[in-house]
$ cat protein.cif   # mmCIF, C-alpha atoms and all ligand atoms
data_run
loop_
_atom_site.label_atom_id
_atom_site.label_comp_id
_atom_site.auth_asym_id
_atom_site.auth_seq_id
_atom_site.Cartn_x
_atom_site.Cartn_y
_atom_site.Cartn_z
CA MET V 13 106.87 159.30 143.59
CA ILE V 14 106.25 158.37 139.96
CA ASP V 15 103.97 155.48 139.13
CA ASN V 16 106.63 153.32 137.50
CA LYS V 17 104.30 150.81 135.93
CA LYS V 18 102.12 153.46 134.30
CA GLN V 19 105.15 155.43 133.15
CA ILE V 20 106.65 152.30 131.59
CA LYS V 21 103.39 151.49 129.82
CA ASP V 22 103.34 155.01 128.36
CA TRP V 23 106.96 154.74 127.26
CA ILE V 24 106.39 151.40 125.56
CA LYS V 25 103.59 153.00 123.55
CA GLU V 26 105.67 156.09 122.82
CA PHE V 27 108.78 154.16 121.77
CA GLU V 28 107.07 151.44 119.76
CA ASP V 29 108.03 153.06 116.46
CA LYS V 30 111.33 154.57 117.60
CA THR V 31 114.74 153.21 116.68
CA PRO V 32 117.05 151.78 119.35
CA GLY V 33 119.29 154.82 118.84
CA GLU V 34 116.41 157.19 119.60
CA ILE V 35 115.50 155.18 122.69
CA LEU V 36 119.09 155.32 123.94
CA SER V 37 119.23 159.02 123.28
CA PHE V 38 116.08 159.61 125.32
CA PHE V 39 117.31 157.71 128.38
CA PHE V 40 120.80 159.25 128.25
CA SER V 41 119.40 162.76 128.19
CA GLU V 42 116.59 162.08 130.65
CA PHE V 43 118.62 160.15 133.26
CA GLY V 44 122.26 161.12 132.58
CA GLU V 45 124.66 159.24 134.88
CA GLU V 46 121.78 157.29 136.36
CA ALA V 47 121.26 155.41 133.10
CA ILE V 48 123.85 152.69 132.66
CA LEU V 49 124.54 150.61 129.58
CA ALA V 50 125.55 147.01 130.27
CA THR V 51 127.56 145.08 127.72
CA GLY V 52 128.54 141.43 127.90
CA LEU V 53 130.78 142.12 124.86
CA GLY V 54 128.60 139.92 122.65
CA ALA V 55 127.18 140.92 119.27
CA GLU V 56 124.19 142.73 120.79
CA GLY V 57 126.35 144.59 123.30
CA GLN V 58 128.62 145.75 120.50
CA VAL V 59 125.64 147.02 118.49
CA LEU V 60 124.35 148.95 121.49
CA THR V 61 127.80 150.43 122.12
CA ASP V 62 127.97 151.62 118.50
CA LEU V 63 124.45 153.08 118.69
CA ALA V 64 125.23 154.75 122.02
CA ALA V 65 128.41 156.33 120.64
CA LYS V 66 126.42 157.64 117.69
CA THR V 67 124.03 159.55 119.95
CA ASN V 68 126.98 161.90 120.59
CA GLN V 69 125.89 162.12 124.20
CA PRO V 70 127.95 161.17 127.24
CA PHE V 71 126.94 157.77 128.63
CA ARG V 72 128.00 155.28 131.28
CA ILE V 73 128.95 151.82 130.03
CA PHE V 74 130.21 148.81 131.94
CA THR V 75 130.97 145.13 131.69
CA ILE V 76 131.57 142.47 134.32
CA ASP V 77 134.76 140.44 134.34
CA PRO V 78 133.90 137.27 136.29
CA GLY V 79 137.55 136.20 136.04
CA ARG V 80 136.99 133.43 133.48
CA LEU V 81 136.63 135.29 130.18
CA PHE V 82 138.23 134.31 126.87
CA PRO V 83 141.43 136.20 125.94
CA GLU V 84 139.55 137.42 122.86
CA SER V 85 137.03 139.19 125.11
CA TYR V 86 139.76 141.20 126.83
CA LYS V 87 141.14 142.24 123.47
CA LEU V 88 137.67 143.30 122.40
CA ILE V 89 137.39 145.65 125.37
CA GLU V 90 140.53 147.41 124.20
CA ARG V 91 139.46 147.51 120.55
CA THR V 92 136.04 148.89 121.48
CA ASN V 93 137.47 151.57 123.74
CA GLN V 94 139.84 152.67 121.01
CA ARG V 95 137.26 152.62 118.25
CA TYR V 96 134.70 154.76 120.11
CA ASN V 97 137.08 156.71 122.30
CA ILE V 98 135.31 155.49 125.41
CA SER V 99 136.36 153.71 128.57
CA ILE V 100 134.20 150.71 129.43
CA THR V 101 134.20 150.33 133.21
CA VAL V 102 135.15 146.77 134.15
CA TYR V 103 133.69 145.50 137.42
CA PHE V 104 135.06 142.47 139.25
CA PRO V 105 133.45 140.15 141.81
CA GLU V 106 134.25 140.40 145.50
CA THR V 107 137.41 138.40 146.20
CA GLU V 108 135.93 136.71 149.30
CA ALA V 109 132.87 135.49 147.39
CA VAL V 110 134.98 133.81 144.70
CA GLU V 111 137.38 132.32 147.24
CA HIS V 112 134.45 130.95 149.25
CA TYR V 113 132.90 129.42 146.13
CA ILE V 114 136.12 127.69 145.09
CA GLN V 115 136.71 126.39 148.58
CA HIS V 116 133.25 124.79 148.74
CA HIS V 117 132.62 123.77 145.14
CA GLY V 118 136.04 123.49 143.54
CA VAL V 119 137.60 125.67 140.88
CA ASN V 120 135.39 124.13 138.14
CA GLY V 121 132.54 123.07 140.44
CA PHE V 122 129.94 124.53 138.06
CA TYR V 123 129.97 121.31 136.00
CA ASN V 124 128.70 119.27 138.94
CA SER V 125 125.11 120.52 139.30
CA VAL V 126 122.76 123.36 138.36
CA GLU V 127 122.94 124.59 141.95
CA SER V 128 126.71 124.65 141.90
CA ARG V 129 126.74 126.42 138.55
CA LYS V 130 124.26 129.02 139.76
CA ALA V 131 126.33 129.56 142.90
CA CYS V 132 129.33 130.36 140.72
CA CYS V 133 127.32 132.76 138.53
CA ARG V 134 125.98 134.37 141.67
CA ALA V 135 129.38 134.87 143.27
CA ARG V 136 131.09 136.07 140.12
CA LYS V 137 128.38 137.87 138.14
CA VAL V 138 125.01 138.36 139.82
CA ASN V 139 126.29 139.94 143.02
CA THR V 140 128.63 142.14 141.01
CA LEU V 141 125.76 143.30 138.85
CA MET V 142 123.67 144.12 141.91
CA ARG V 143 126.48 146.28 143.23
CA VAL V 144 126.70 148.18 139.93
CA LEU V 145 122.97 148.57 139.49
CA SER V 146 122.55 150.01 142.96
CA THR V 147 124.14 153.16 141.49
CA ALA V 148 121.60 153.49 138.66
CA LYS V 149 117.94 154.12 137.95
CA VAL V 150 117.95 152.73 134.41
CA TRP V 151 119.66 149.58 133.19
CA ILE V 152 120.03 149.28 129.41
CA CYS V 153 121.02 145.96 127.88
CA GLY V 154 121.01 144.02 124.62
CA LEU V 155 118.48 141.26 125.28
CA ARG V 156 116.44 139.98 122.35
CA SER V 157 113.23 138.02 122.84
CA ASP V 158 114.09 135.24 120.36
CA GLN V 159 117.42 134.42 122.04
CA SER V 160 116.05 131.61 124.19
CA VAL V 161 112.94 130.12 125.78
CA THR V 162 113.76 132.02 128.95
CA ARG V 163 113.55 135.41 127.21
CA THR V 164 110.33 135.27 125.20
CA ASN V 165 108.25 137.29 127.70
CA MET V 166 110.63 140.21 128.01
CA GLN V 167 109.46 143.72 127.11
CA LEU V 168 111.02 146.76 125.46
CA ILE V 169 110.89 148.52 128.83
CA GLU V 170 110.24 146.72 132.10
CA TRP V 171 110.17 147.42 135.80
CA ASP V 172 112.88 145.25 137.36
CA GLU V 173 111.52 144.34 140.76
CA ARG V 174 114.67 142.63 141.95
CA HIS V 175 117.00 145.53 141.24
CA ASN V 176 114.38 148.20 141.79
CA LEU V 177 114.98 150.06 138.55
CA ILE V 178 113.82 150.49 134.97
CA LYS V 179 115.21 147.99 132.51
CA VAL V 180 115.40 148.94 128.83
CA ASN V 181 115.94 146.39 126.07
CA PRO V 182 116.25 148.48 122.86
CA LEU V 183 117.01 145.43 120.69
CA ILE V 184 114.16 143.31 122.01
CA TYR V 185 112.44 143.06 118.60
CA TRP V 186 115.63 142.49 116.59
CA SER V 187 116.44 139.14 115.03
CA GLU V 188 119.90 137.62 114.98
CA LYS V 189 120.10 138.60 111.32
CA ASP V 190 119.27 142.24 112.16
CA VAL V 191 122.16 142.27 114.64
CA TRP V 192 124.68 140.84 112.20
CA ASP V 193 123.49 143.01 109.29
CA TYR V 194 124.02 146.05 111.53
CA ILE V 195 127.49 144.89 112.58
CA HIS V 196 128.66 144.33 109.01
CA GLN V 197 127.07 147.47 107.58
CA ASN V 198 128.58 149.65 110.31
CA ASN V 199 131.89 147.88 110.66
CA VAL V 200 131.30 147.33 114.36
CA PRO V 201 134.18 145.54 116.15
CA TYR V 202 133.19 142.09 117.38
CA ASN V 203 134.67 139.04 119.05
CA PRO V 204 136.46 136.83 116.44
CA LEU V 205 135.08 133.75 118.22
CA HIS V 206 131.74 134.51 116.57
CA ASP V 207 133.34 133.47 113.26
CA LYS V 208 134.41 130.17 114.84
CA GLY V 209 130.96 128.88 115.72
CA TYR V 210 130.28 130.75 118.96
CA PRO V 211 126.99 132.69 118.58
CA THR V 212 127.11 133.88 122.20
CA ILE V 213 130.19 134.21 124.37
CA GLY V 214 130.38 134.16 128.13
CA CYS V 215 132.92 132.59 130.46
CA GLN V 216 135.44 130.32 128.74
CA PRO V 217 134.68 127.07 130.64
CA CYS V 218 130.92 127.49 130.12
CA THR V 219 130.84 128.36 126.41
CA ARG V 220 131.37 126.08 123.44
CA PRO V 221 130.79 126.45 119.69
CA ILE V 222 127.45 125.16 118.42
CA ARG V 223 126.74 122.58 115.71
CA ASP V 224 124.46 123.04 112.68
CA GLY V 225 120.82 123.04 113.71
CA GLU V 226 121.45 123.83 117.37
CA SER V 227 119.83 126.88 118.95
CA ILE V 228 122.03 129.91 119.56
CA ARG V 229 122.01 129.46 123.35
CA SER V 230 122.93 125.77 123.21
CA GLY V 231 126.62 126.59 123.45
CA ARG V 232 126.13 128.02 126.96
CA TRP V 233 126.01 125.59 129.92
CA TRP V 234 125.42 122.85 127.35
CA TRP V 235 125.25 120.19 130.05
CA GLU V 236 122.02 121.70 131.45
CA SER V 237 118.42 121.69 130.13
CA PRO V 238 117.29 124.82 128.16
CA ASN V 239 115.01 125.96 131.01
CA HIS V 240 117.98 126.57 133.30
CA LYS V 241 120.14 128.52 130.87
CA GLU V 242 120.31 131.87 132.59
CA CYS V 243 123.13 133.02 134.79
CA GLY V 244 120.69 134.96 136.96
CA LEU V 245 121.63 138.37 135.55
CA HIS V 246 118.26 138.70 133.84
CA ARG V 247 116.08 136.02 135.44
CA ASP V 248 116.28 134.01 138.65
S1 LIG M 1 129.39 131.31 133.37
FE1 LIG M 1 130.48 129.57 134.33
S2 LIG M 1 132.48 130.34 135.08
FE2 LIG M 1 131.15 132.10 134.55
S3 LIG M 1 130.25 132.69 136.48
FE3 LIG M 1 128.78 131.29 135.52
S4 LIG M 1 129.33 129.20 136.16
FE4 LIG M 1 131.02 130.58 136.74
#
$ encode --input "protein.cif" --output "structure tokens"
Amino acid sequence: MIDNKKQIKDWIKEFEDKTPGEILSFFFSEFGEEAILATGLGAEGQVLTDLAAKTNQPFRIFTIDPGRLFPESYKLIERTNQRYNISITVYFPETEAVEHYIQHHGVNGFYNSVESRKACCRARKVNTLMRVLSTAKVWICGLRSDQSVTRTNMQLIEWDERHNLIKVNPLIYWSEKDVWDYIHQNNVPYNPLHDKGYPTIGCQPCTRPIRDGESIRSGRWWWESPNHKECGLHRD
């Protein structure tokens, strides 16, 4: 059995000066089908998809449809598939879990309390993610450390205790400007809502555009305090 923590420490050292594309390339060739790229269809996910396609290696990519996405997000799936000649696997929540949530909390019960909101995210997203990740050894995603107060301690490569796998965040050191410079320079397809004041885009009822001076995560679950603003995909 490999010593995961030591291996991860060595990788962090080894990949410190490598580009995100080189990091992706390594994990695709080393882990094949057992490395899985997660995209939430946001700006970072689109950058990673572009970088992954440019490795010219086969790779697994997925997104989760919690059932409440913006129409623009569905169109982006199609545009991205066409652009890169890929097929993003779309995973859905278990029907019974969503039905149970709606029965007990109401169809928009997430506005009522943090607990109710987290229960919705759990039923629609977190449990779905767990099901997907149980088929992988490496989970690659587009987290950046300056996205929110809940993400400042994240590492380039981490051991994810909860899902029992290696988590790789190739864009962890990138700024928002780095992401958008990359998108424009490489003509990466992106969600048109970004041009209408939405820096991050999740489910339609839980995402709003932000005002000048607000942090980029303030458009998500805006009725809650910043310390609660995770859906549970990356932190409890
Ligand atoms: S973001 Fe909102 S609608 Fe989507 S799963 Fe979470 S609470 Fe439910």
$ residues_around --input "protein.cif" --residues "Leu205 (chain V)" --least-positions-apart "6" --cutoff "12 Å" --atoms "only C-alpha atoms" --output "ChimeraX atom specification"
/V:53-55,82-85,87-88,211-214,216,219-222
$ closest_atom_pairs --input "protein.cif" --of "chain V" --to "ligand LIG 1 (chain M)" --cutoff "10 Å" --atoms "only C-alpha atoms and all ligand atoms" --output "tab-separated table"
residue	atom	partner	partner_atom	distance
V:Asp77	CA	M:LIG1	FE2	9.1
V:Pro78	CA	M:LIG1	S3	5.9
V:Gly79	CA	M:LIG1	FE2	7.7
V:Arg80	CA	M:LIG1	S2	5.7
V:Leu81	CA	M:LIG1	FE2	7.7
V:Pro105	CA	M:LIG1	S3	9.7
V:Val110	CA	M:LIG1	FE4	9.5
V:Tyr113	CA	M:LIG1	FE4	9.6
V:Val119	CA	M:LIG1	S2	9.0
V:Asn120	CA	M:LIG1	S2	7.5
V:Gly121	CA	M:LIG1	S4	8.1
V:Phe122	CA	M:LIG1	S4	5.1
V:Tyr123	CA	M:LIG1	S4	7.9
V:Val126	CA	M:LIG1	S4	9.1
V:Glu127	CA	M:LIG1	S4	9.8
V:Ser128	CA	M:LIG1	S4	7.8
V:Arg129	CA	M:LIG1	S4	4.5
V:Lys130	CA	M:LIG1	S4	6.2
V:Ala131	CA	M:LIG1	S4	7.4
V:Cys132	CA	M:LIG1	FE4	4.3
V:Cys133	CA	M:LIG1	S3	3.6
V:Arg134	CA	M:LIG1	S3	6.9
V:Ala135	CA	M:LIG1	S3	7.2
V:Arg136	CA	M:LIG1	S3	5.0
V:Lys137	CA	M:LIG1	S3	5.8
V:Val138	CA	M:LIG1	S3	8.4
V:Ile213	CA	M:LIG1	S1	9.5
V:Gly214	CA	M:LIG1	S1	6.0
V:Cys215	CA	M:LIG1	FE2	4.5
V:Gln216	CA	M:LIG1	S2	7.0
V:Pro217	CA	M:LIG1	S2	5.9
V:Cys218	CA	M:LIG1	FE1	4.7
V:Thr219	CA	M:LIG1	S1	7.7
V:Arg232	CA	M:LIG1	S1	7.9
V:Trp233	CA	M:LIG1	FE1	7.4
V:Lys241	CA	M:LIG1	S1	10.0
V:Glu242	CA	M:LIG1	FE3	9.0
V:Cys243	CA	M:LIG1	FE3	6.0
V:Gly244	CA	M:LIG1	FE3	9.0
$ axis_aligned_box --input "protein.cif" --around "region 75-88 of chain V" --padding-each-side "8 Å" --output "JSON"
{"center_x": 136.2, "center_y": 139.3, "center_z": 129.3, "size_x": 26.5, "size_y": 27.7, "size_z": 29.9}
$ closest_residue --input "protein.cif" --among "V:His116, V:Lys208, V:Arg72, V:Arg95" --to "Val150 (chain V)" --atoms "all atoms listed in the file"
V:Arg72
$ closest_atom_pairs --input "protein.cif" --of "region 155-220 of chain V" --to "region 16-28 of chain V" --cutoff "12 Å" --atoms "only C-alpha atoms" --output "CSV"
residue,atom,partner,partner_atom,distance
V:Gln167,CA,V:Ile24,CA,8.4
V:Leu168,CA,V:Ile24,CA,6.6
V:Ile169,CA,V:Ile24,CA,6.3
V:Glu170,CA,V:Ile20,CA,6.7
V:Trp171,CA,V:Lys17,CA,6.8
V:Asp172,CA,V:Asn16,CA,10.2
V:Glu173,CA,V:Asn16,CA,10.7
V:Asn176,CA,V:Asn16,CA,10.2
V:Leu177,CA,V:Asn16,CA,9.0
V:Ile178,CA,V:Asn16,CA,8.1
V:Lys179,CA,V:Ile20,CA,9.6
V:Val180,CA,V:Ile20,CA,9.8
V:Asn181,CA,V:Ile24,CA,10.8
V:Pro182,CA,V:Phe27,CA,9.4
V:Leu183,CA,V:Glu28,CA,11.7
V:Ile184,CA,V:Glu28,CA,11.0
V:Tyr185,CA,V:Glu28,CA,10.0
$ write_last_selection --input "protein.cif" --atoms "C-alpha atoms" --output "PDB file, in the coordinates of the input"
ATOM      1  CA  GLN V 167     109.460 143.720 127.110  1.00  0.00           C
ATOM      2  CA  LEU V 168     111.020 146.760 125.460  1.00  0.00           C
ATOM      3  CA  ILE V 169     110.890 148.520 128.830  1.00  0.00           C
ATOM      4  CA  GLU V 170     110.240 146.720 132.100  1.00  0.00           C
ATOM      5  CA  TRP V 171     110.170 147.420 135.800  1.00  0.00           C
ATOM      6  CA  ASP V 172     112.880 145.250 137.360  1.00  0.00           C
ATOM      7  CA  GLU V 173     111.520 144.340 140.760  1.00  0.00           C
ATOM      8  CA  ASN V 176     114.380 148.200 141.790  1.00  0.00           C
ATOM      9  CA  LEU V 177     114.980 150.060 138.550  1.00  0.00           C
ATOM     10  CA  ILE V 178     113.820 150.490 134.970  1.00  0.00           C
ATOM     11  CA  LYS V 179     115.210 147.990 132.510  1.00  0.00           C
ATOM     12  CA  VAL V 180     115.400 148.940 128.830  1.00  0.00           C
ATOM     13  CA  ASN V 181     115.940 146.390 126.070  1.00  0.00           C
ATOM     14  CA  PRO V 182     116.250 148.480 122.860  1.00  0.00           C
ATOM     15  CA  LEU V 183     117.010 145.430 120.690  1.00  0.00           C
ATOM     16  CA  ILE V 184     114.160 143.310 122.010  1.00  0.00           C
ATOM     17  CA  TYR V 185     112.440 143.060 118.600  1.00  0.00           C
TER      18      TYR V 185
END
$ decode --input "protein.cif" --residues "region 115-182 of chain V" --atoms "C-alpha atoms" --output "PDB file, in the first residue's frame"
ATOM      1  CA  GLN V 115     -41.588  16.393   0.515  1.00  0.00           C
ATOM      2  CA  HIS V 116     -39.934  17.443   3.784  1.00  0.00           C
ATOM      3  CA  HIS V 117     -38.508  20.873   2.960  1.00  0.00           C
ATOM      4  CA  GLY V 118     -40.537  22.138   0.018  1.00  0.00           C
ATOM      5  CA  VAL V 119     -39.436  22.680  -3.554  1.00  0.00           C
ATOM      6  CA  ASN V 120     -37.486  25.849  -2.601  1.00  0.00           C
ATOM      7  CA  GLY V 121     -36.875  24.899   1.036  1.00  0.00           C
ATOM      8  CA  PHE V 122     -33.196  25.863   0.785  1.00  0.00           C
ATOM      9  CA  TYR V 123     -34.074  29.514   1.493  1.00  0.00           C
ATOM     10  CA  ASN V 124     -35.428  28.656   4.942  1.00  0.00           C
ATOM     11  CA  SER V 125     -32.253  27.715   6.836  1.00  0.00           C
ATOM     12  CA  VAL V 126     -28.622  26.680   6.386  1.00  0.00           C
ATOM     13  CA  GLU V 127     -29.588  23.138   7.398  1.00  0.00           C
ATOM     14  CA  SER V 128     -32.327  22.995   4.812  1.00  0.00           C
ATOM     15  CA  ARG V 129     -30.032  24.383   2.143  1.00  0.00           C
ATOM     16  CA  LYS V 130     -27.315  21.879   2.992  1.00  0.00           C
ATOM     17  CA  ALA V 131     -29.865  19.061   2.884  1.00  0.00           C
ATOM     18  CA  CYS V 132     -30.768  20.085  -0.662  1.00  0.00           C
ATOM     19  CA  CYS V 133     -27.103  20.268  -1.729  1.00  0.00           C
ATOM     20  CA  ARG V 134     -26.551  16.884  -0.128  1.00  0.00           C
ATOM     21  CA  ALA V 135     -29.469  15.213  -1.885  1.00  0.00           C
ATOM     22  CA  ARG V 136     -28.801  16.758  -5.263  1.00  0.00           C
ATOM     23  CA  LYS V 137     -25.018  17.205  -5.429  1.00  0.00           C
ATOM     24  CA  VAL V 138     -22.959  15.741  -2.587  1.00  0.00           C
ATOM     25  CA  ASN V 139     -24.400  12.230  -2.711  1.00  0.00           C
ATOM     26  CA  THR V 140     -24.138  12.242  -6.491  1.00  0.00           C
ATOM     27  CA  LEU V 141     -20.500  13.250  -6.282  1.00  0.00           C
ATOM     28  CA  MET V 142     -19.788  10.463  -3.799  1.00  0.00           C
ATOM     29  CA  ARG V 143     -21.272   7.950  -6.198  1.00  0.00           C
ATOM     30  CA  VAL V 144     -19.069   9.215  -9.044  1.00  0.00           C
ATOM     31  CA  LEU V 145     -15.906   9.448  -6.980  1.00  0.00           C
ATOM     32  CA  SER V 146     -16.280   5.894  -5.743  1.00  0.00           C
ATOM     33  CA  THR V 147     -15.180   4.903  -9.272  1.00  0.00           C
ATOM     34  CA  ALA V 148     -11.951   6.940  -9.172  1.00  0.00           C
ATOM     35  CA  LYS V 149      -8.612   7.214  -7.412  1.00  0.00           C
ATOM     36  CA  VAL V 150      -7.891  10.801  -8.436  1.00  0.00           C
ATOM     37  CA  TRP V 151     -10.321  13.706  -8.471  1.00  0.00           C
ATOM     38  CA  ILE V 152      -9.194  16.756 -10.457  1.00  0.00           C
ATOM     39  CA  CYS V 153     -11.048  20.043 -10.066  1.00  0.00           C
ATOM     40  CA  GLY V 154     -10.714  23.776 -10.643  1.00  0.00           C
ATOM     41  CA  LEU V 155     -10.571  25.164  -7.101  1.00  0.00           C
ATOM     42  CA  ARG V 156      -8.528  28.302  -6.501  1.00  0.00           C
ATOM     43  CA  SER V 157      -7.391  29.330  -3.040  1.00  0.00           C
ATOM     44  CA  ASP V 158      -8.472  32.977  -3.338  1.00  0.00           C
ATOM     45  CA  GLN V 159     -12.071  32.107  -4.275  1.00  0.00           C
ATOM     46  CA  SER V 160     -13.425  32.350  -0.736  1.00  0.00           C
ATOM     47  CA  VAL V 161     -12.568  32.232   2.957  1.00  0.00           C
ATOM     48  CA  THR V 162     -13.486  28.556   2.958  1.00  0.00           C
ATOM     49  CA  ARG V 163     -10.813  27.690   0.368  1.00  0.00           C
ATOM     50  CA  THR V 164      -7.668  29.429   1.595  1.00  0.00           C
ATOM     51  CA  ASN V 165      -6.095  26.306   3.136  1.00  0.00           C
ATOM     52  CA  MET V 166      -6.440  24.078   0.097  1.00  0.00           C
ATOM     53  CA  GLN V 167      -3.346  22.533  -1.482  1.00  0.00           C
ATOM     54  CA  LEU V 168      -2.214  21.754  -5.023  1.00  0.00           C
ATOM     55  CA  ILE V 169      -2.577  18.052  -4.209  1.00  0.00           C
ATOM     56  CA  GLU V 170      -4.397  16.759  -1.144  1.00  0.00           C
ATOM     57  CA  TRP V 171      -5.507  13.498   0.368  1.00  0.00           C
ATOM     58  CA  ASP V 172      -9.305  13.616   0.526  1.00  0.00           C
ATOM     59  CA  GLU V 173     -10.180  11.675   3.644  1.00  0.00           C
ATOM     60  CA  ARG V 174     -13.913  11.755   3.070  1.00  0.00           C
ATOM     61  CA  HIS V 175     -13.821  10.322  -0.434  1.00  0.00           C
ATOM     62  CA  ASN V 176     -10.696   8.276   0.132  1.00  0.00           C
ATOM     63  CA  LEU V 177      -8.812   9.513  -2.910  1.00  0.00           C
ATOM     64  CA  ILE V 178      -6.246  11.995  -4.171  1.00  0.00           C
ATOM     65  CA  LYS V 179      -7.579  15.437  -4.961  1.00  0.00           C
ATOM     66  CA  VAL V 180      -5.697  17.597  -7.457  1.00  0.00           C
ATOM     67  CA  ASN V 181      -6.306  21.336  -7.807  1.00  0.00           C
ATOM     68  CA  PRO V 182      -4.109  22.404 -10.770  1.00  0.00           C
TER      69      PRO V 182
END
